[in-house]
Amino acid sequence: MAQDLPVRHNILMMKRRDWITGTAALAAQAAVAQTGGGKNVVIASANGLRACAAAAEILKRGGDTLDAVIAGVNINEEDPEDNSVGYGGLPNEEGVVELDASVMHGPTRRAGSVASIQGVKTPSKVAKLVMEQSDHVMLVGEGAGRYARAYGFRQENLLTEKSRLAWLVWKQSQRDGGGHNNWTDGLDAPAGKATGKPSALRRAFPEAGEELLAWAAEMARRPPAGTINCLGRNAKGEISGVTTTSGLAWKIPGRVGDSPIIGAGLFVDPDVGGAGSTGRGEENIRVAGAHTIVENMRHGMSPKDACLDCLKRISRNYGDDRERLGKFDIKFYALSKDGVFGSASLWNGSMRQGKLAPAQFAVNDGGKSRLEDCAFLLERKP
């Protein structure tokens, strides 16, 4: 009997080790499930449902993370109905479409961007070309255009008829101190001249339908601060990102927002994660938003809290004055190397036709892309 004691002791110790090991394994599995570890994850701004789906499919086939997210946003860049990105984007004040884009490739820790580039539908591809085929990080204006053409990109007119109409309506809505505008009829014009009112617009643009005129008038009054940001992470934990835009509608030619600026519109650190933004770029540049969010995550914040903290910095720049903050919006998106994601908006949503449309972002972590609500700093009420 005494001889059996060491054997029983060894058996009990083995069972205890197995129990501890099993418990640890279960805990590790739970942690992986909670963080998304081992899964492909793609997130984007709300206009990125198709982008997320396309990127997720490439990741599923084992494709590179940057190739995946660029292929995703190419859908928006080439879509004439997305008036804040690429082809069909709303133009500058002279009626010329100028595009900005940036890319960051986590596995190689490299970056590239272009700003104020004209005549190329897919500036994200040119930004990748700058990253891979030059010793530079950013090319701008005509230099960026020449570089793209040297590599075979065709020069195209990016102003669609729909966007041209919106630009003309905006032009006609502008007035000097005396109420005059050289883009509308003169002093002998009858009452109700083109001012953005439906009756005036119908006279000025008789071939345009009612729905198109209503859209153009809305764009002239409240142009979108669109853009698309897309971040992708594969099962190995590699992460890359892209941000691309046609920028602020009716901008001064040459204006550059946050989208092509590494550390503002996009930042990726493969040891931590990535972040990007959409919305009013000037406010993001002042807080180096994407870099700030990644640094917040480095110091232990969740992606959502990291985005909210950055929004607080923007609010503080305005003394937390809700009236002034109400004149713009901005959203941040963040994805950690472990697959945790989050997004936050300055406001809980935007008013559309008298209703509050919630602030949302796109996600694909397996299966069909979906929209999720953003966290928010400030609340608008219908």
# chains A, B, ... in the order shown; residues from 1 in each chain; ligands from 1

call {"tool": "residues_around", "arguments": {"residues": "region 61-68 of chain A", "least_positions_apart": "2", "cutoff": "6 Å", "atoms": "only C-alpha atoms", "output": "ChimeraX atom specification"}}
result
/A:55,58-59,70-71,105,232,240

call {"tool": "select_by_dssp", "arguments": {"residues": "region 61-277 of chain A", "states": "helix (DSSP H, G or I)", "output": "PyMOL selection string"}}
result
chain A and resi 65-77+106-108+123-133+141-150+161-173+198-204+210-221

call {"tool": "residues_around", "arguments": {"residues": "Arg370 (chain A)", "least_positions_apart": "3", "cutoff": "10 Å", "atoms": "only C-alpha atoms", "output": "list in words"}}
result
Ile43, Ala46, Gly48, Leu49, Arg50, Cys52, Ala53, Gln360, Phe361, Ala362, Val363, Asn364, Asp365 and Gly367 of chain A

call {"tool": "atom_distance", "arguments": {"atom1": "CA of Gln174 (chain A)", "atom2": "CA of Leu90 (chain A)"}}
result
16.5 Å

call {"tool": "residues_around", "arguments": {"residues": "region 341-352 of chain A", "least_positions_apart": "5", "cutoff": "6 Å", "atoms": "only C-alpha atoms", "output": "CSV table (one decimal) with C-alpha atoms, in the first residue's frame"}}
result
chain,number,residue,atom,x,y,z
A,303,PRO,CA,-9.3,51.2,-30.0
A,304,LYS,CA,-12.6,52.8,-29.2
A,307,CYS,CA,-10.4,57.3,-30.8
A,308,LEU,CA,-12.6,59.0,-28.2
A,329,ASP,CA,-17.8,66.3,-38.0
A,330,ILE,CA,-14.9,63.8,-37.9
A,331,LYS,CA,-14.7,60.1,-37.4
A,332,PHE,CA,-11.8,57.9,-36.4
A,333,TYR,CA,-11.2,54.2,-37.0
A,334,ALA,CA,-8.8,51.9,-35.2
A,335,LEU,CA,-7.7,48.3,-35.5
A,357,ALA,CA,-28.7,59.2,-39.3
A,358,PRO,CA,-26.4,57.4,-36.8
A,359,ALA,CA,-22.7,57.5,-37.2
A,374,CYS,CA,-19.6,54.4,-33.8
A,375,ALA,CA,-19.0,55.5,-30.3
A,376,PHE,CA,-19.4,59.3,-30.0
A,377,LEU,CA,-18.3,62.2,-28.0
A,378,LEU,CA,-21.2,64.6,-28.5
A,379,GLU,CA,-24.9,64.0,-29.0

call {"tool": "atom_distance", "arguments": {"atom1": "CA of Glu98 (chain A)", "atom2": "CA of Ile117 (chain A)"}}
result
5.4 Å
